[in-house]
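Novice: Take a look at coords.pdb, PDB, C-alpha atoms:
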ATOM      1  CA  MET X1422      74.307 -99.942-233.776  1.00  0.00           C
ATOM      2  CA  TYR X1423      72.500-102.932-232.337  1.00  0.00           C
ATOM      3  CA  THR X1424      74.830-103.704-229.448  1.00  0.00           C
ATOM      4  CA  ARG X1425      76.256-102.057-226.351  1.00  0.00           C
ATOM      5  CA  LEU X1426      78.235-103.183-223.326  1.00  0.00           C
ATOM      6  CA  GLU X1427      76.844-102.750-219.825  1.00  0.00           C
ATOM      7  CA  GLY X1428      79.578-103.909-217.470  1.00  0.00           C
ATOM      8  CA  GLU X1429      80.039-107.605-218.159  1.00  0.00           C
ATOM      9  CA  CYS X1430      76.814-107.856-220.104  1.00  0.00           C
ATOM     10  CA  LEU X1431      76.396-107.546-223.859  1.00  0.00           C
ATOM     11  CA  MET X1432      73.045-105.961-224.710  1.00  0.00           C
ATOM     12  CA  ILE X1433      71.649-106.671-228.175  1.00  0.00           C
ATOM     13  CA  GLU X1434      68.776-104.451-229.234  1.00  0.00           C
ATOM     14  CA  MET X1435      66.479-106.489-231.502  1.00  0.00           C
ATOM     15  CA  LYS X1436      64.977-103.385-233.057  1.00  0.00           C
ATOM     16  CA  GLY X1437      63.120-102.827-236.296  1.00  0.00           C
ATOM     17  CA  ASP X1438      62.666-105.592-238.857  1.00  0.00           C
ATOM     18  CA  ILE X1439      64.496-108.798-237.975  1.00  0.00           C
ATOM     19  CA  ASP X1440      64.698-110.556-241.333  1.00  0.00           C
ATOM     20  CA  HIS X1441      67.506-112.223-243.283  1.00  0.00           C
ATOM     21  CA  HIS X1442      68.729-108.837-244.535  1.00  0.00           C
ATOM     22  CA  HIS X1443      69.119-107.298-241.071  1.00  0.00           C
ATOM     23  CA  ALA X1444      70.031-110.497-239.192  1.00  0.00           C
ATOM     24  CA  SER X1445      73.407-110.726-240.928  1.00  0.00           C
ATOM     25  CA  ARG X1446      74.245-107.167-239.815  1.00  0.00           C
ATOM     26  CA  ILE X1447      73.301-107.904-236.204  1.00  0.00           C
ATOM     27  CA  ARG X1448      75.291-111.156-236.235  1.00  0.00           C
ATOM     28  CA  GLU X1449      78.459-109.482-237.547  1.00  0.00           C
ATOM     29  CA  GLU X1450      78.208-106.762-234.920  1.00  0.00           C
ATOM     30  CA  VAL X1451      77.782-109.265-232.063  1.00  0.00           C
ATOM     31  CA  LYS X1452      80.678-111.425-233.280  1.00  0.00           C
ATOM     32  CA  LEU X1453      82.927-108.364-233.390  1.00  0.00           C
ATOM     33  CA  MET X1454      81.913-107.227-229.892  1.00  0.00           C
ATOM     34  CA  LEU X1455      82.429-110.686-228.378  1.00  0.00           C
ATOM     35  CA  SER X1456      85.866-111.020-229.960  1.00  0.00           C
ATOM     36  CA  PHE X1457      87.032-107.909-228.084  1.00  0.00           C
ATOM     37  CA  HIS X1458      85.097-108.075-224.823  1.00  0.00           C
ATOM     38  CA  PRO X1459      84.664-111.089-222.548  1.00  0.00           C
ATOM     39  CA  VAL X1460      81.133-111.087-221.071  1.00  0.00           C
ATOM     40  CA  ARG X1461      79.166-112.997-218.433  1.00  0.00           C
ATOM     41  CA  GLU X1462      75.791-112.499-219.985  1.00  0.00           C
ATOM     42  CA  VAL X1463      74.279-111.857-223.396  1.00  0.00           C
ATOM     43  CA  VAL X1464      70.884-110.133-223.372  1.00  0.00           C
ATOM     44  CA  MET X1465      68.640-109.805-226.416  1.00  0.00           C
ATOM     45  CA  ASP X1466      66.085-107.045-225.902  1.00  0.00           C
ATOM     46  CA  PHE X1467      62.920-107.324-228.037  1.00  0.00           C
ATOM     47  CA  LYS X1468      61.341-104.093-226.743  1.00  0.00           C
ATOM     48  CA  ASP X1469      61.493-102.352-230.132  1.00  0.00           C
ATOM     49  CA  ALA X1470      61.174-105.412-232.344  1.00  0.00           C
ATOM     50  CA  GLY X1471      59.035-104.867-235.416  1.00  0.00           C
ATOM     51  CA  PHE X1472      58.607-107.553-238.021  1.00  0.00           C
ATOM     52  CA  MET X1473      60.186-110.976-237.406  1.00  0.00           C
ATOM     53  CA  ASP X1474      60.621-114.112-239.483  1.00  0.00           C
ATOM     54  CA  SER X1475      62.614-117.321-238.959  1.00  0.00           C
ATOM     55  CA  SER X1476      65.851-115.339-239.382  1.00  0.00           C
ATOM     56  CA  ALA X1477      65.246-114.117-235.814  1.00  0.00           C
ATOM     57  CA  ILE X1478      65.155-117.753-234.650  1.00  0.00           C
ATOM     58  CA  GLY X1479      68.480-118.379-236.414  1.00  0.00           C
ATOM     59  CA  LEU X1480      69.848-115.290-234.708  1.00  0.00           C
ATOM     60  CA  VAL X1481      68.796-116.493-231.233  1.00  0.00           C
ATOM     61  CA  LEU X1482      70.166-120.011-231.856  1.00  0.00           C
ATOM     62  CA  GLY X1483      73.458-118.542-233.035  1.00  0.00           C
ATOM     63  CA  ARG X1484      73.769-116.280-229.983  1.00  0.00           C
ATOM     64  CA  TYR X1485      72.919-119.239-227.719  1.00  0.00           C
ATOM     65  CA  ILE X1486      75.938-121.051-229.177  1.00  0.00           C
ATOM     66  CA  ASP X1487      78.102-117.892-228.917  1.00  0.00           C
ATOM     67  CA  ALA X1488      77.110-117.400-225.282  1.00  0.00           C
ATOM     68  CA  ASN X1489      77.807-121.047-224.423  1.00  0.00           C
ATOM     69  CA  GLU X1490      81.233-120.863-226.059  1.00  0.00           C
ATOM     70  CA  ALA X1491      82.002-117.685-224.101  1.00  0.00           C
ATOM     71  CA  GLY X1492      80.826-119.320-220.864  1.00  0.00           C
ATOM     72  CA  ALA X1493      78.047-116.749-220.595  1.00  0.00           C
ATOM     73  CA  GLY X1494      74.281-116.983-220.133  1.00  0.00           C
ATOM     74  CA  LEU X1495      71.671-115.919-222.672  1.00  0.00           C
ATOM     75  CA  LYS X1496      68.601-113.941-221.666  1.00  0.00           C
ATOM     76  CA  LEU X1497      65.757-112.726-223.887  1.00  0.00           C
ATOM     77  CA  ILE X1498      63.812-109.778-222.474  1.00  0.00           C
ATOM     78  CA  ASN X1499      60.687-107.771-223.320  1.00  0.00           C
ATOM     79  CA  THR X1500      59.276-110.557-225.474  1.00  0.00           C
ATOM     80  CA  GLY X1501      55.734-109.660-226.490  1.00  0.00           C
ATOM     81  CA  GLU X1502      52.985-112.026-227.571  1.00  0.00           C
ATOM     82  CA  ARG X1503      54.056-112.297-231.208  1.00  0.00           C
ATOM     83  CA  VAL X1504      57.725-112.762-230.288  1.00  0.00           C
ATOM     84  CA  LYS X1505      56.815-115.465-227.738  1.00  0.00           C
ATOM     85  CA  LYS X1506      54.730-117.281-230.366  1.00  0.00           C
ATOM     86  CA  MET X1507      57.621-117.261-232.848  1.00  0.00           C
ATOM     87  CA  LEU X1508      60.130-118.403-230.202  1.00  0.00           C
ATOM     88  CA  LYS X1509      57.829-121.244-229.194  1.00  0.00           C
ATOM     89  CA  LEU X1510      57.310-122.390-232.796  1.00  0.00           C
ATOM     90  CA  GLY X1511      61.060-122.140-233.359  1.00  0.00           C
ATOM     91  CA  GLY X1512      61.806-124.430-230.396  1.00  0.00           C
ATOM     92  CA  ILE X1513      63.711-121.776-228.424  1.00  0.00           C
ATOM     93  CA  TYR X1514      61.918-122.611-225.148  1.00  0.00           C
ATOM     94  CA  LYS X1515      63.516-126.071-225.258  1.00  0.00           C
ATOM     95  CA  LEU X1516      67.056-124.713-225.054  1.00  0.00           C
ATOM     96  CA  LYS X1517      68.711-125.585-221.759  1.00  0.00           C
ATOM     97  CA  GLY X1518      69.578-122.662-219.506  1.00  0.00           C
ATOM     98  CA  ILE X1519      68.011-119.938-221.644  1.00  0.00           C
ATOM     99  CA  VAL X1520      66.042-117.266-219.746  1.00  0.00           C
ATOM    100  CA  ILE X1521      62.984-115.781-221.468  1.00  0.00           C
ATOM    101  CA  GLU X1522      61.153-112.847-219.907  1.00  0.00           C
TER     102      GLU X1522
ATOM    103  CA  MET H 990      35.116-106.893-257.007  1.00  0.00           C
ATOM    104  CA  ASP H 991      35.137-110.664-257.126  1.00  0.00           C
ATOM    105  CA  LYS H 992      38.764-111.219-257.809  1.00  0.00           C
ATOM    106  CA  LEU H 993      41.813-108.983-257.561  1.00  0.00           C
ATOM    107  CA  LYS H 994      45.087-109.969-259.182  1.00  0.00           C
ATOM    108  CA  THR H 995      48.583-108.588-259.278  1.00  0.00           C
ATOM    109  CA  LYS H 996      51.951-109.731-260.557  1.00  0.00           C
ATOM    110  CA  ILE H 997      55.303-108.221-259.699  1.00  0.00           C
ATOM    111  CA  GLU H 998      58.862-109.070-260.563  1.00  0.00           C
ATOM    112  CA  PHE H 999      61.898-108.000-258.577  1.00  0.00           C
ATOM    113  CA  ASP H1000      65.591-108.741-258.070  1.00  0.00           C
ATOM    114  CA  ALA H1001      66.535-111.584-255.737  1.00  0.00           C
ATOM    115  CA  VAL H1002      68.448-109.458-253.242  1.00  0.00           C
ATOM    116  CA  SER H1003      67.934-109.361-249.482  1.00  0.00           C
ATOM    117  CA  ASP H1004      66.825-105.716-249.623  1.00  0.00           C
ATOM    118  CA  ASN H1005      63.738-106.837-251.538  1.00  0.00           C
ATOM    119  CA  GLU H1006      62.555-109.184-248.752  1.00  0.00           C
ATOM    120  CA  ALA H1007      60.977-106.187-247.007  1.00  0.00           C
ATOM    121  CA  PHE H1008      59.548-104.884-250.294  1.00  0.00           C
ATOM    122  CA  ALA H1009      57.852-108.226-251.047  1.00  0.00           C
ATOM    123  CA  ARG H1010      56.152-108.648-247.660  1.00  0.00           C
ATOM    124  CA  ILE H1011      55.021-105.001-247.568  1.00  0.00           C
ATOM    125  CA  ALA H1012      53.603-105.393-251.096  1.00  0.00           C
ATOM    126  CA  ALA H1013      51.679-108.461-249.886  1.00  0.00           C
ATOM    127  CA  ALA H1014      50.424-106.569-246.828  1.00  0.00           C
ATOM    128  CA  ALA H1015      49.251-103.700-249.023  1.00  0.00           C
ATOM    129  CA  PHE H1016      47.518-106.125-251.396  1.00  0.00           C
ATOM    130  CA  VAL H1017      45.446-107.831-248.666  1.00  0.00           C
ATOM    131  CA  LEU H1018      44.402-104.539-247.018  1.00  0.00           C
ATOM    132  CA  LYS H1019      41.231-104.656-249.126  1.00  0.00           C
ATOM    133  CA  ALA H1020      40.131-107.726-247.120  1.00  0.00           C
ATOM    134  CA  ASP H1021      40.603-105.803-243.871  1.00  0.00           C
ATOM    135  CA  PRO H1022      42.540-108.595-242.095  1.00  0.00           C
ATOM    136  CA  LEU H1023      43.291-108.736-238.374  1.00  0.00           C
ATOM    137  CA  VAL H1024      46.762-107.532-237.414  1.00  0.00           C
ATOM    138  CA  GLU H1025      47.762-111.105-236.600  1.00  0.00           C
ATOM    139  CA  THR H1026      46.600-112.429-239.973  1.00  0.00           C
ATOM    140  CA  MET H1027      48.546-109.660-241.674  1.00  0.00           C
ATOM    141  CA  GLU H1028      51.691-110.564-239.693  1.00  0.00           C
ATOM    142  CA  ASP H1029      51.252-114.248-240.607  1.00  0.00           C
ATOM    143  CA  ILE H1030      51.087-113.379-244.302  1.00  0.00           C
ATOM    144  CA  LYS H1031      54.088-111.048-244.091  1.00  0.00           C
ATOM    145  CA  THR H1032      56.141-113.717-242.318  1.00  0.00           C
ATOM    146  CA  ALA H1033      55.228-116.444-244.826  1.00  0.00           C
ATOM    147  CA  VAL H1034      56.052-114.207-247.820  1.00  0.00           C
ATOM    148  CA  SER H1035      59.321-113.157-246.203  1.00  0.00           C
ATOM    149  CA  GLU H1036      60.307-116.819-245.711  1.00  0.00           C
ATOM    150  CA  ALA H1037      59.543-117.722-249.327  1.00  0.00           C
ATOM    151  CA  VAL H1038      61.406-114.743-250.781  1.00  0.00           C
ATOM    152  CA  THR H1039      64.394-115.317-248.460  1.00  0.00           C
ATOM    153  CA  ASN H1040      64.555-118.924-249.712  1.00  0.00           C
ATOM    154  CA  CYS H1041      64.747-117.663-253.318  1.00  0.00           C
ATOM    155  CA  VAL H1042      67.536-115.214-252.423  1.00  0.00           C
ATOM    156  CA  ILE H1043      69.650-117.638-250.369  1.00  0.00           C
ATOM    157  CA  HIS H1044      68.899-121.082-251.767  1.00  0.00           C
ATOM    158  CA  GLY H1045      67.469-120.468-255.246  1.00  0.00           C
ATOM    159  CA  TYR H1046      70.211-118.108-256.327  1.00  0.00           C
ATOM    160  CA  GLY H1047      72.890-118.676-253.645  1.00  0.00           C
ATOM    161  CA  ASN H1048      72.998-114.934-252.867  1.00  0.00           C
ATOM    162  CA  SER H1049      74.232-114.136-256.361  1.00  0.00           C
ATOM    163  CA  GLY H1050      71.009-112.499-257.575  1.00  0.00           C
ATOM    164  CA  GLY H1051      68.374-113.394-260.133  1.00  0.00           C
ATOM    165  CA  ARG H1052      64.715-112.626-260.586  1.00  0.00           C
ATOM    166  CA  ILE H1053      61.687-113.455-258.477  1.00  0.00           C
ATOM    167  CA  VAL H1054      58.111-113.358-259.709  1.00  0.00           C
ATOM    168  CA  MET H1055      55.323-112.922-257.176  1.00  0.00           C
ATOM    169  CA  GLU H1056      51.676-113.308-258.180  1.00  0.00           C
ATOM    170  CA  MET H1057      48.853-112.586-255.767  1.00  0.00           C
ATOM    171  CA  GLU H1058      45.125-113.107-255.891  1.00  0.00           C
ATOM    172  CA  LEU H1059      42.335-112.068-253.582  1.00  0.00           C
ATOM    173  CA  GLU H1060      39.011-113.736-254.121  1.00  0.00           C
ATOM    174  CA  LYS H1061      35.769-112.862-252.374  1.00  0.00           C
ATOM    175  CA  GLU H1062      33.737-115.712-250.999  1.00  0.00           C
ATOM    176  CA  GLU H1063      30.531-115.575-249.006  1.00  0.00           C
ATOM    177  CA  ASP H1064      31.981-114.907-245.580  1.00  0.00           C
ATOM    178  CA  ALA H1065      35.658-114.496-246.328  1.00  0.00           C
ATOM    179  CA  TYR H1066      38.394-113.576-248.747  1.00  0.00           C
ATOM    180  CA  ILE H1067      40.821-116.174-250.044  1.00  0.00           C
ATOM    181  CA  PHE H1068      44.343-114.839-250.442  1.00  0.00           C
ATOM    182  CA  SER H1069      46.717-116.804-252.632  1.00  0.00           C
ATOM    183  CA  VAL H1070      50.301-116.048-253.487  1.00  0.00           C
ATOM    184  CA  VAL H1071      52.767-117.728-255.825  1.00  0.00           C
ATOM    185  CA  ILE H1072      56.462-116.957-255.402  1.00  0.00           C
ATOM    186  CA  GLU H1073      58.740-118.301-258.099  1.00  0.00           C
ATOM    187  CA  ASP H1074      62.469-118.287-258.764  1.00  0.00           C
ATOM    188  CA  PHE H1075      64.432-119.630-261.725  1.00  0.00           C
ATOM    189  CA  GLY H1076      67.459-120.743-259.753  1.00  0.00           C
ATOM    190  CA  LYS H1077      69.014-124.049-258.905  1.00  0.00           C
ATOM    191  CA  GLY H1078      65.949-125.855-257.539  1.00  0.00           C
ATOM    192  CA  ILE H1079      65.597-128.187-254.555  1.00  0.00           C
ATOM    193  CA  LYS H1080      66.915-131.753-254.759  1.00  0.00           C
ATOM    194  CA  ASP H1081      64.642-133.218-252.099  1.00  0.00           C
ATOM    195  CA  VAL H1082      61.526-131.144-251.366  1.00  0.00           C
ATOM    196  CA  VAL H1083      60.254-133.499-248.638  1.00  0.00           C
ATOM    197  CA  LYS H1084      63.525-133.170-246.749  1.00  0.00           C
ATOM    198  CA  ALA H1085      63.708-129.402-247.297  1.00  0.00           C
ATOM    199  CA  ARG H1086      60.269-129.046-245.695  1.00  0.00           C
ATOM    200  CA  GLU H1087      61.340-130.797-242.492  1.00  0.00           C
ATOM    201  CA  PRO H1088      61.756-128.488-239.481  1.00  0.00           C
ATOM    202  CA  MET H1089      65.356-127.548-238.618  1.00  0.00           C
ATOM    203  CA  TYR H1090      66.617-128.683-242.014  1.00  0.00           C
ATOM    204  CA  SER H1091      68.897-126.236-243.759  1.00  0.00           C
ATOM    205  CA  GLU H1092      71.384-126.563-246.593  1.00  0.00           C
ATOM    206  CA  CYS H1093      73.065-123.359-245.616  1.00  0.00           C
ATOM    207  CA  SER H1094      75.427-123.759-242.699  1.00  0.00           C
ATOM    208  CA  GLU H1095      77.559-120.625-242.937  1.00  0.00           C
ATOM    209  CA  GLU H1096      74.608-118.246-242.845  1.00  0.00           C
ATOM    210  CA  GLU H1097      73.143-119.438-239.548  1.00  0.00           C
ATOM    211  CA  ARG H1098      69.699-120.333-240.819  1.00  0.00           C
ATOM    212  CA  SER H1099      67.224-121.890-238.400  1.00  0.00           C
ATOM    213  CA  GLY H1100      65.828-124.269-241.029  1.00  0.00           C
ATOM    214  CA  MET H1101      62.328-123.154-240.093  1.00  0.00           C
ATOM    215  CA  GLY H1102      61.385-121.359-243.327  1.00  0.00           C
ATOM    216  CA  PHE H1103      58.998-123.936-244.796  1.00  0.00           C
ATOM    217  CA  THR H1104      57.699-124.826-241.317  1.00  0.00           C
ATOM    218  CA  PHE H1105      56.732-121.195-240.705  1.00  0.00           C
ATOM    219  CA  MET H1106      55.074-120.969-244.142  1.00  0.00           C
ATOM    220  CA  GLU H1107      53.072-124.071-243.286  1.00  0.00           C
ATOM    221  CA  LEU H1108      52.117-122.861-239.815  1.00  0.00           C
ATOM    222  CA  PHE H1109      51.180-119.328-240.798  1.00  0.00           C
ATOM    223  CA  MET H1110      49.222-120.147-243.957  1.00  0.00           C
ATOM    224  CA  ASP H1111      46.369-122.609-244.579  1.00  0.00           C
ATOM    225  CA  GLU H1112      47.946-124.315-247.554  1.00  0.00           C
ATOM    226  CA  LEU H1113      51.454-124.686-248.932  1.00  0.00           C
ATOM    227  CA  THR H1114      52.637-126.453-252.070  1.00  0.00           C
ATOM    228  CA  VAL H1115      56.195-126.539-253.342  1.00  0.00           C
ATOM    229  CA  ASP H1116      57.149-127.438-256.919  1.00  0.00           C
ATOM    230  CA  SER H1117      60.797-127.613-257.743  1.00  0.00           C
ATOM    231  CA  THR H1118      62.918-128.816-260.647  1.00  0.00           C
ATOM    232  CA  LEU H1119      66.676-129.100-260.338  1.00  0.00           C
ATOM    233  CA  GLY H1120      68.382-126.507-262.508  1.00  0.00           C
ATOM    234  CA  LYS H1121      65.081-124.816-263.371  1.00  0.00           C
ATOM    235  CA  GLY H1122      63.770-123.252-260.196  1.00  0.00           C
ATOM    236  CA  THR H1123      61.220-123.418-257.422  1.00  0.00           C
ATOM    237  CA  LYS H1124      57.600-122.341-257.196  1.00  0.00           C
ATOM    238  CA  VAL H1125      55.918-121.921-253.819  1.00  0.00           C
ATOM    239  CA  CYS H1126      52.122-121.534-253.652  1.00  0.00           C
ATOM    240  CA  MET H1127      50.353-120.499-250.457  1.00  0.00           C
ATOM    241  CA  ARG H1128      46.737-119.797-249.554  1.00  0.00           C
ATOM    242  CA  LYS H1129      45.063-118.283-246.552  1.00  0.00           C
ATOM    243  CA  LYS H1130      41.500-117.528-245.679  1.00  0.00           C
ATOM    244  CA  ILE H1131      40.846-114.021-244.378  1.00  0.00           C
ATOM    245  CA  MET H1132      37.589-113.912-242.436  1.00  0.00           C
ATOM    246  CA  ASP H1133      35.237-111.021-243.075  1.00  0.00           C
TER     247      ASP H1133
END
Render the structure in this file as structure tokens.
Specialist:
Amino acid sequence: MYTRLEGECLMIEMKGDIDHHHASRIREEVKLMLSFHPVREVVMDFKDAGFMDSSAIGLVLGRYIDANEAGAGLKLINTGERVKKMLKLGGIYKLKGIVIE
Amino acid sequence: MDKLKTKIEFDAVSDNEAFARIAAAAFVLKADPLVETMEDIKTAVSEAVTNCVIHGYGNSGGRIVMEMELEKEEDAYIFSVVIEDFGKGIKDVVKAREPMYSECSEEERSGMGFTFMELFMDELTVDSTLGKGTKVCMRKKIMD
């Protein structure tokens, strides 16, 4: 499981390898959760992130759209140096309203 | 050793994306790269192989050939990798290499694959023929 609900917040654990193979599993899980539970905030936690490629950028962009459609905010937490570099190169810092910690 | 070479062939399935980048990481260990250099190489290889799986073969499988070379120079090693598929090919390579461009809308791709390959490696060339396949060549210097 990659996701869990904490009150009105959907926590997504970006753990292990975030590549094309795993990104589709995370995406399906988030879509399912959001279809059953209205939330105020979506949080992607990179604390246990291992390898990342551009699939992770696609995943963040997709969740940004999901969150907007649900009227919720999107927050990225525990982003280390490598994650920050990838997010920057992927243009994620330019997204309006996104919080990156 | 002056030059190390290896060639592997594997199925174009998403499970093999991890295999390919770990094989590349293992291959360059000899050059004792920095962790960051290693991550750059793994990311670039992952992007290229993912392209073969999704775009080359449209997720319906096929074969991918990956050839790697490590050459010793005076103060560095030169790592080169060729990743080739025999799938549908790319119509417009220049367009495909643009950031944020993706032909795959239902899979939520960022369109950053070629951009990341370019940014993380020193050199990138893409040869593609419609109906025949795509060959991606990348090089990176690994300082001693």
Novice: Evaluated on this file, the PyMOL selection byres ((chain X) within 10 of (chain H)) picks out some residues - which ones are they, written as a ChimeraX atom specification?
Specialist: /X:1438,1440-1445,1448,1472-1483,1503,1507,1510-1512
Novice: Which residues, written as a ChimeraX atom specification, have at least one atom at most 8 Å from region 1424-1427 of chain X, with all atoms listed in the file counted and residues fewer than 4 positions away on the same chain left out?
Specialist: /X:1431-1434,1450-1451,1454
Novice: Name the residues that the PyMOL selection byres ((chain X and resi 1488) around 12) pulls out of this structure, and write them as JSON, numbers by chain.
Specialist: {"X": [1430, 1431, 1451, 1452, 1455, 1456, 1459, 1460, 1461, 1462, 1463, 1464, 1465, 1481, 1482, 1483, 1484, 1485, 1486, 1487, 1489, 1490, 1491, 1492, 1493, 1494, 1495, 1496, 1518, 1519]}
Novice: Determine the residue membership of the PyMOL selection byres ((chain H and resi 1013) around 9) for the file above and supply it as a ChimeraX atom specification.
Specialist: /H:1008-1012,1014-1018,1027,1030-1031,1034,1057,1070
Novice: Could you tell me how far CA of Ala1001 (chain H) lies from CA of Cys1041 (chain H), in Å and to one decimal?
Specialist: 6.8 Å
Novice: Please indicate the distance in Å from CA of Met1132 (chain H) to CA of Glu1073 (chain H), rounded to one decimal place.
Specialist: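 We find that CA of Met1132 (chain H) and CA of Glu1073 (chain H) lie 26.7 Å from each other.
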Novice: Using all atoms listed in the file, pick whichever of H:Ala1065, H:Ala1085, H:Val1054, H:Cys1093 has the shortest atom-to-atom distance to Lys1129 (chain H).
Specialist: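 Nearest to Lys1129 (chain H): H:Ala1065.
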Novice: Quick one: axis-aligned box around all listed atoms of region 1459-1463 of chain X, 8 Å on every side, centre and edge lengths in Å to one decimal, written as JSON.
Specialist:
{"center_x": 79.5, "center_y": -112.0, "center_z": -220.9, "size_x": 26.4, "size_y": 17.9, "size_z": 21.0}
Novice: Could you tell me how far CA of Lys992 (chain H) sits from CA of Glu1058 (chain H), in Å to one decimal place?
Specialist: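 Between CA of Glu1058 (chain H) and CA of Lys992 (chain H) the gap works out to 6.9 Å.
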Novice: Rank X:Ile1439, X:Ile1447, X:Leu1497, X:Leu1453 by their smallest atom-to-atom distance to Ile1513 (chain X), using only C-alpha atoms, and report the top residue only.
Specialist: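 The shortest atom-to-atom distance to Ile1513 (chain X) comes from X:Leu1497.
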Novice: Kindly add all heavy atoms to the incomplete region 1478-1484 of chain X and provide the output as an mmCIF file, keeping the file's coordinate frame.
Specialist:
data_model
loop_
_atom_site.group_PDB
_atom_site.id
_atom_site.type_symbol
_atom_site.label_atom_id
_atom_site.label_comp_id
_atom_site.auth_asym_id
_atom_site.auth_seq_id
_atom_site.Cartn_x
_atom_site.Cartn_y
_atom_site.Cartn_z
ATOM 1 N N ILE X 1478 64.912 -116.494 -235.364
ATOM 2 C CA ILE X 1478 65.155 -117.753 -234.650
ATOM 3 C C ILE X 1478 66.611 -118.186 -234.863
ATOM 4 O O ILE X 1478 67.294 -118.579 -233.917
ATOM 5 C CB ILE X 1478 64.186 -118.871 -235.146
ATOM 6 C CG1 ILE X 1478 62.727 -118.433 -234.988
ATOM 7 C CG2 ILE X 1478 64.442 -120.190 -234.424
ATOM 8 C CD1 ILE X 1478 62.310 -118.107 -233.568
ATOM 9 N N GLY X 1479 67.084 -118.068 -236.099
ATOM 10 C CA GLY X 1479 68.480 -118.379 -236.414
ATOM 11 C C GLY X 1479 69.427 -117.512 -235.604
ATOM 12 O O GLY X 1479 70.456 -117.978 -235.098
ATOM 13 N N LEU X 1480 69.033 -116.245 -235.452
ATOM 14 C CA LEU X 1480 69.848 -115.290 -234.708
ATOM 15 C C LEU X 1480 69.933 -115.671 -233.225
ATOM 16 O O LEU X 1480 71.002 -115.603 -232.613
ATOM 17 C CB LEU X 1480 69.211 -113.903 -234.863
ATOM 18 C CG LEU X 1480 70.085 -112.666 -234.767
ATOM 19 C CD1 LEU X 1480 71.273 -112.746 -235.694
ATOM 20 C CD2 LEU X 1480 69.257 -111.433 -235.104
ATOM 21 N N VAL X 1481 68.808 -116.087 -232.644
ATOM 22 C CA VAL X 1481 68.796 -116.493 -231.233
ATOM 23 C C VAL X 1481 69.621 -117.776 -231.044
ATOM 24 O O VAL X 1481 70.450 -117.857 -230.140
ATOM 25 C CB VAL X 1481 67.350 -116.697 -230.709
ATOM 26 C CG1 VAL X 1481 67.362 -117.292 -229.304
ATOM 27 C CG2 VAL X 1481 66.583 -115.376 -230.708
ATOM 28 N N LEU X 1482 69.409 -118.752 -231.946
ATOM 29 C CA LEU X 1482 70.166 -120.011 -231.856
ATOM 30 C C LEU X 1482 71.673 -119.751 -231.948
ATOM 31 O O LEU X 1482 72.464 -120.315 -231.188
ATOM 32 C CB LEU X 1482 69.754 -120.963 -232.982
ATOM 33 C CG LEU X 1482 68.383 -121.622 -232.851
ATOM 34 C CD1 LEU X 1482 68.012 -122.340 -234.154
ATOM 35 C CD2 LEU X 1482 68.355 -122.606 -231.682
ATOM 36 N N GLY X 1483 72.043 -118.889 -232.854
ATOM 37 C CA GLY X 1483 73.458 -118.542 -233.035
ATOM 38 C C GLY X 1483 74.051 -117.886 -231.804
ATOM 39 O O GLY X 1483 75.170 -118.199 -231.383
ATOM 40 N N ARG X 1484 73.272 -116.974 -231.178
ATOM 41 C CA ARG X 1484 73.769 -116.280 -229.983
ATOM 42 C C ARG X 1484 73.807 -117.227 -228.782
ATOM 43 O O ARG X 1484 74.611 -117.084 -227.876
ATOM 44 C CB ARG X 1484 72.910 -115.053 -229.642
ATOM 45 C CG ARG X 1484 72.798 -113.985 -230.731
ATOM 46 C CD ARG X 1484 74.095 -113.385 -231.201
ATOM 47 N NE ARG X 1484 75.009 -114.263 -231.913
ATOM 48 C CZ ARG X 1484 74.834 -114.728 -233.159
ATOM 49 N NH1 ARG X 1484 73.741 -114.469 -233.833
ATOM 50 N NH2 ARG X 1484 75.743 -115.494 -233.730
#
